[in-house]
Structures are given as C-alpha cells and as structure tokens.
file final.cif (mmCIF, C-alpha atoms)
data_model
loop_
_atom_site.label_atom_id
_atom_site.label_comp_id
_atom_site.auth_asym_id
_atom_site.auth_seq_id
_atom_site.Cartn_x
_atom_site.Cartn_y
_atom_site.Cartn_z
CA ARG A 316 0.00 0.00 0.00
CA ILE A 317 3.02 2.26 0.16
CA VAL A 318 4.94 3.20 -2.97
CA HIS A 319 7.65 5.76 -3.56
CA SER A 320 7.19 7.77 -6.73
CA ASP A 321 10.77 6.95 -7.79
CA ASP A 322 9.72 3.28 -7.96
CA VAL A 323 6.66 3.86 -10.17
CA PRO A 324 7.47 3.87 -13.91
CA TRP A 325 6.65 6.84 -16.08
CA GLU A 326 4.22 6.08 -18.92
CA SER A 327 4.37 8.28 -22.01
CA GLU A 328 1.51 8.85 -24.39
CA ALA A 329 1.57 10.88 -27.58
CA HIS A 330 -1.48 11.72 -29.68
CA GLY A 331 -0.81 14.25 -32.41
CA PRO A 332 1.24 17.38 -31.83
CA TRP A 333 -0.50 18.61 -28.64
CA PHE A 334 -1.28 15.69 -26.35
CA ALA A 335 1.82 14.16 -24.76
CA PRO A 336 1.44 13.50 -21.05
CA GLN A 337 3.97 11.59 -19.02
CA ARG A 338 2.25 9.85 -16.11
CA GLN A 339 3.02 7.86 -12.99
CA ARG A 340 -0.07 5.91 -11.84
CA LEU A 341 0.57 6.17 -8.10
CA GLY A 342 -2.91 5.13 -6.95
CA ARG A 343 -2.88 1.95 -9.01
CA ALA A 344 0.69 1.09 -7.94
CA ALA A 345 -0.30 1.42 -4.27
CA GLY A 346 -3.42 -0.72 -4.71
CA GLY A 347 -6.00 2.07 -4.57
CA ARG A 348 -9.52 1.12 -5.64
CA LEU A 349 -11.89 4.05 -5.13
CA LEU A 350 -9.35 6.87 -5.28
CA GLY A 351 -6.92 7.37 -8.15
CA ALA A 352 -3.78 9.47 -8.06
CA SER A 353 -1.38 10.20 -10.89
CA LEU A 354 1.65 12.41 -11.15
CA PHE A 355 1.69 14.16 -14.54
CA ARG A 356 4.55 15.86 -16.34
CA LEU A 357 3.93 18.06 -19.37
CA GLU A 358 6.68 19.48 -21.54
CA PRO A 359 6.29 23.06 -22.87
CA GLY A 360 3.45 23.46 -25.35
CA LYS A 361 1.79 20.14 -24.45
CA ALA A 362 -1.56 19.19 -22.89
CA ALA A 363 -2.46 15.96 -21.11
CA PHE A 364 -5.94 15.39 -22.54
CA PRO A 365 -8.64 17.12 -24.59
CA ALA A 366 -10.94 19.44 -22.65
CA HIS A 367 -13.54 17.29 -20.88
CA PHE A 368 -15.76 16.93 -17.83
CA HIS A 369 -17.05 13.89 -15.96
CA HIS A 370 -20.60 13.12 -14.88
CA ALA A 371 -19.60 10.73 -12.06
CA ASN A 372 -15.99 11.33 -11.06
CA GLU A 373 -14.52 14.27 -9.22
CA GLU A 374 -10.95 15.35 -9.89
CA ALA A 375 -8.55 17.66 -8.10
CA ILE A 376 -5.20 19.01 -9.24
CA LEU A 377 -2.26 20.26 -7.17
CA VAL A 378 0.48 21.97 -9.19
CA LEU A 379 3.85 20.79 -7.85
CA SER A 380 6.28 22.64 -10.12
CA GLY A 381 6.31 24.79 -13.20
CA ALA A 382 3.51 26.89 -14.61
CA GLY A 383 0.79 26.63 -17.19
CA THR A 384 -2.85 27.29 -17.92
CA ILE A 385 -6.05 25.55 -16.94
CA ARG A 386 -9.15 25.95 -19.03
CA LEU A 387 -12.39 25.90 -17.05
CA GLY A 388 -15.34 26.16 -19.39
CA ALA A 389 -14.74 29.11 -21.73
CA GLU A 390 -12.19 30.79 -19.44
CA GLU A 391 -8.45 30.18 -19.02
CA TYR A 392 -6.50 30.79 -15.81
CA PRO A 393 -2.78 30.76 -15.07
CA VAL A 394 -1.61 28.06 -12.65
CA ALA A 395 1.72 27.62 -10.87
CA ARG A 396 3.32 25.71 -8.00
CA GLY A 397 0.99 25.48 -5.02
CA ASP A 398 -2.26 26.05 -6.92
CA TYR A 399 -5.05 23.58 -6.10
CA ILE A 400 -7.99 23.15 -8.48
CA ALA A 401 -11.26 21.32 -7.61
CA LEU A 402 -13.11 19.79 -10.55
CA PRO A 403 -16.52 18.59 -9.31
CA PRO A 404 -18.50 16.05 -11.34
CA GLY A 405 -21.47 17.05 -13.44
CA SER A 406 -20.50 20.70 -13.64
CA GLY A 407 -20.75 20.84 -17.41
CA GLU A 408 -17.56 22.90 -17.25
CA ALA A 409 -14.82 21.27 -19.32
CA HIS A 410 -11.27 21.41 -18.01
CA GLN A 411 -7.86 21.02 -19.62
CA VAL A 412 -4.34 21.61 -18.31
CA ARG A 413 -1.73 22.93 -20.75
CA ASN A 414 1.88 23.84 -20.26
CA THR A 415 2.15 27.37 -21.62
CA SER A 416 5.58 28.01 -20.05
CA GLY A 417 9.11 27.22 -21.19
CA GLU A 418 9.76 24.70 -18.38
CA PRO A 419 8.24 21.31 -17.54
CA LEU A 420 4.96 21.40 -15.59
CA GLU A 421 4.29 18.73 -12.93
CA TYR A 422 1.02 18.22 -11.10
CA LEU A 423 -0.72 15.62 -9.00
CA CYS A 424 -4.21 14.67 -10.15
CA VAL A 425 -6.43 12.84 -7.67
CA SER A 426 -9.85 11.50 -8.64
CA THR A 427 -12.64 9.29 -7.50
CA MET A 428 -12.77 6.04 -9.46
CA LEU A 429 -16.52 5.54 -9.83
CA HIS A 430 -18.02 3.63 -12.69
CA PRO A 431 -19.91 3.79 -14.84
CA ASP A 432 -18.82 7.26 -15.84
CA VAL A 433 -19.68 9.45 -18.80
CA SER A 434 -17.27 12.12 -19.99
CA GLU A 435 -18.12 14.89 -22.43
CA TYR A 436 -15.67 16.56 -24.82
CA PRO A 437 -17.25 19.82 -25.99
CA ASP A 438 -14.57 20.78 -28.54
CA SER A 439 -15.20 17.65 -30.61
CA GLY A 440 -18.81 16.96 -29.62
CA LYS A 441 -17.93 13.51 -28.25
CA VAL A 442 -19.25 11.56 -25.29
CA GLY A 443 -17.17 8.80 -23.68
CA VAL A 444 -18.76 5.90 -21.80
CA PHE A 445 -16.69 3.94 -19.26
CA THR A 446 -17.95 0.81 -17.50
CA GLY A 447 -16.16 -1.96 -15.63
CA VAL A 448 -13.55 0.56 -14.47
CA ALA A 449 -13.38 4.33 -14.25
CA PRO A 450 -11.36 6.44 -16.71
CA GLY A 451 -7.72 6.13 -15.72
CA GLY A 452 -8.27 2.60 -14.42
CA ASP A 453 -6.86 -0.61 -15.84
CA PRO A 454 -7.98 -0.82 -19.51
CA ALA A 455 -8.07 -4.62 -19.27
CA ALA A 456 -10.91 -4.33 -16.72
CA ARG A 457 -13.22 -2.37 -19.05
CA ARG A 458 -16.33 -4.21 -20.17
CA LEU A 459 -17.58 -1.39 -22.39
CA TYR A 460 -15.57 1.60 -23.47
CA GLY A 461 -16.54 3.80 -26.34
CA PHE A 462 -16.70 7.32 -27.71
CA TYR A 463 -19.75 8.57 -29.53
CA LYS A 464 -20.77 11.76 -31.25
CA LYS A 465 -23.07 13.72 -28.98
CA GLY A 466 -26.59 13.81 -30.36
CA ALA A 467 -26.13 10.71 -32.53
CA THR A 468 -29.17 8.71 -31.50
CA VAL A 469 -30.96 5.57 -32.48
CA ASP A 470 -34.46 4.46 -31.63
CA TYR A 471 -34.74 2.45 -28.42
CA TYR A 472 -36.05 -0.58 -30.34
CA GLU A 473 -33.70 -0.32 -33.34
CA GLY A 474 -32.10 -3.71 -34.08
CA GLU A 475 -34.32 -5.57 -31.61
CA ALA A 476 -36.22 -8.64 -32.78
#

call {"tool": "encode", "arguments": {"input": "final.cif", "output": "structure tokens"}}
result
Amino acid sequence: RIVHSDDVPWESEAHGPWFAPQRQRLGRAAGGRLLGASLFRLEPGKAAFPAHFHHANEEAILVLSGAGTIRLGAEEYPVARGDYIALPPGSGEAHQVRNTSGEPLEYLCVSTMLHPDVSEYPDSGKVGVFTGVAPGGDPAARRLYGFYKKGATVDYYEGEA
C-alpha cells in the first residue's frame, strides 16, 4: 500500500502534436480502488488530454512545479506551483491543463474512481462511456468503453427482434 514515486514507472503517451502526457499511476501502484492518483509531467506546449468533464468522477489538481494554464469552461486561468484546483462532477464545465511556459509542468491529479462514468468533450462533440472501471483505471478491466458523437441517437427498439 506504500509506494515511492521513484519506484513507479513513467508512462508516455503521444497523440498528435499537442497531447503528450507523461504519467506515474501512483494510486494503481499502491493498490488504490476508489481513489486514483497520478503524477503528470507536461513538456512546454503540451496538454495531457482534450478538454472534458465527468458526470460521475470528481478530480482535483495540485500543481507541484512549473507553470501553465487551466481551461475551465470558456475561461483560461494561469496556474503555478501550489495552486489547487477542484473539478466537481457534473458541472458541465470542461477542463484542460496545458503547459504554456518554457519549463516542464508537474502536477498531482487525484480523482474518485466511480463507474460507470460518462465524460463529455465539448470541442469535438464527443461523449465517452466507461464501465467496468473508471477512466484512468486498468484498460483490461473495461467491459464497455466507447466514444460517440453527442446527439447521434438511435431508436430504443432499433435492431431488436
């Protein structure tokens, strides 16, 4: 149940020119179940994820070093070491952290790990559905995981015999 961050491997993801988080999954490494915690590192000009908000899970961010910008809804705010940001579920206010400085930005993100969860991505009009495990959890534990265009609907009985 106790891990030292130096013993948790960094995972790197890259998706296009903007999204390139480095992440240590501290909560998972320590055996956490209902509370996730990840240390993120963003190089200058990078973001961790597209702007999004959750319907079930609450997140909180503590900036540990560096500086950047957080988008909350339509507004952007500067963030730096020591800033704490609460991101309640169901707010409808998308959030996104970006490193807008010339130095690496490191922050701790803590979140509840409830499932199912639905995330909305207003810039692209997508909705993400997560069951079996919350976003950020072990992908192998997901029973259903998909992204859909918001507003794309089918009739309740479509495809039923």

call {"tool": "closest_residue", "arguments": {"input": "final.cif", "among": "A:Glu374, A:Glu418, A:Glu326, A:Asp453", "to": "Leu402 in chain A", "atoms": "all atoms listed in the file"}}
result
A:Glu374

call {"tool": "residues_around", "arguments": {"input": "final.cif", "residues": "Glu435 in chain A", "least_positions_apart": "5", "cutoff": "9 Å", "atoms": "only C-alpha atoms", "output": "ChimeraX atom specification"}}
result
/A:366-370,407,409,440-443,465

call {"tool": "atom_distance", "arguments": {"input": "final.cif", "atom1": "CA of Pro365 in chain A", "atom2": "CA of Gly383 in chain A"}}
result
15.3 Å

call {"tool": "closest_residue", "arguments": {"input": "final.cif", "among": "A:Pro419, A:Pro332, A:Gly351, A:Pro324", "to": "Gly451 in chain A", "atoms": "all atoms listed in the file"}}
result
A:Gly351

call {"tool": "residues_near_point", "arguments": {"input": "final.cif", "point": "(-17.2, 4.8, -25.9)", "cutoff": "6 Å", "atoms": "all atoms listed in the file", "output": "NGL selection string"}}
result
:A and (443-444 or 460-463)

call {"tool": "write_last_selection", "arguments": {"input": "final.cif", "atoms": "C-alpha atoms", "output": "compact mmCIF listing (two decimals), in the frame of the given file"}}
result
# COMPACT_ATOMS: atom_id res chain seq x y z
CA GLY A 443 -17.17 8.80 -23.68
CA VAL A 444 -18.76 5.90 -21.80
CA TYR A 460 -15.57 1.60 -23.47
CA GLY A 461 -16.54 3.80 -26.34
CA PHE A 462 -16.70 7.32 -27.71
CA TYR A 463 -19.75 8.57 -29.53

call {"tool": "closest_residue", "arguments": {"input": "final.cif", "among": "A:Ser416, A:Thr468, A:Thr446, A:Ser406", "to": "Glu373 in chain A", "atoms": "only C-alpha atoms"}}
result
A:Ser406

call {"tool": "closest_residue", "arguments": {"input": "final.cif", "among": "A:Glu473, A:Arg458, A:Thr415, A:Lys464", "to": "Tyr436 in chain A", "atoms": "all atoms listed in the file"}}
result
A:Lys464

call {"tool": "closest_residue", "arguments": {"input": "final.cif", "among": "A:Val323, A:Ile400, A:Ala389, A:Leu423", "to": "Phe355 in chain A", "atoms": "all atoms listed in the file"}}
result
A:Leu423

call {"tool": "atom_distance", "arguments": {"input": "final.cif", "atom1": "CA of Val394 in chain A", "atom2": "CA of Gly452 in chain A"}}
result
26.4 Å

call {"tool": "atom_distance", "arguments": {"input": "final.cif", "atom1": "CA of Ser320 in chain A", "atom2": "CA of Pro431 in chain A"}}
result
28.6 Å

call {"tool": "closest_residue", "arguments": {"input": "final.cif", "among": "A:Trp325, A:Tyr399, A:Tyr392, A:Tyr422", "to": "Leu379 in chain A", "atoms": "only C-alpha atoms"}}
result
A:Tyr422

call {"tool": "resolve_selection", "arguments": {"input": "final.cif", "expression": "the PyMOL selection byres ((chain A and resi 378) around 12)", "output": "JSON, numbers by chain"}}
result
{"A": [354, 355, 356, 357, 375, 376, 377, 379, 380, 381, 382, 383, 384, 385, 393, 394, 395, 396, 397, 398, 399, 400, 401, 412, 413, 414, 419, 420, 421, 422, 423, 424, 425]}

call {"tool": "residues_near_point", "arguments": {"input": "final.cif", "point": "(6.0, 5.8, -21.5)", "cutoff": "10 Å", "atoms": "all atoms listed in the file", "output": "PyMOL selection string"}}
result
chain A and resi 324-329+335-339

call {"tool": "resolve_selection", "arguments": {"input": "final.cif", "expression": "the PyMOL selection byres ((chain A and resi 362) around 6)", "output": "list of chain:residue names"}}
result
A:Trp333, A:Phe334, A:Lys361, A:Ala363, A:Phe364, A:Val412, A:Arg413
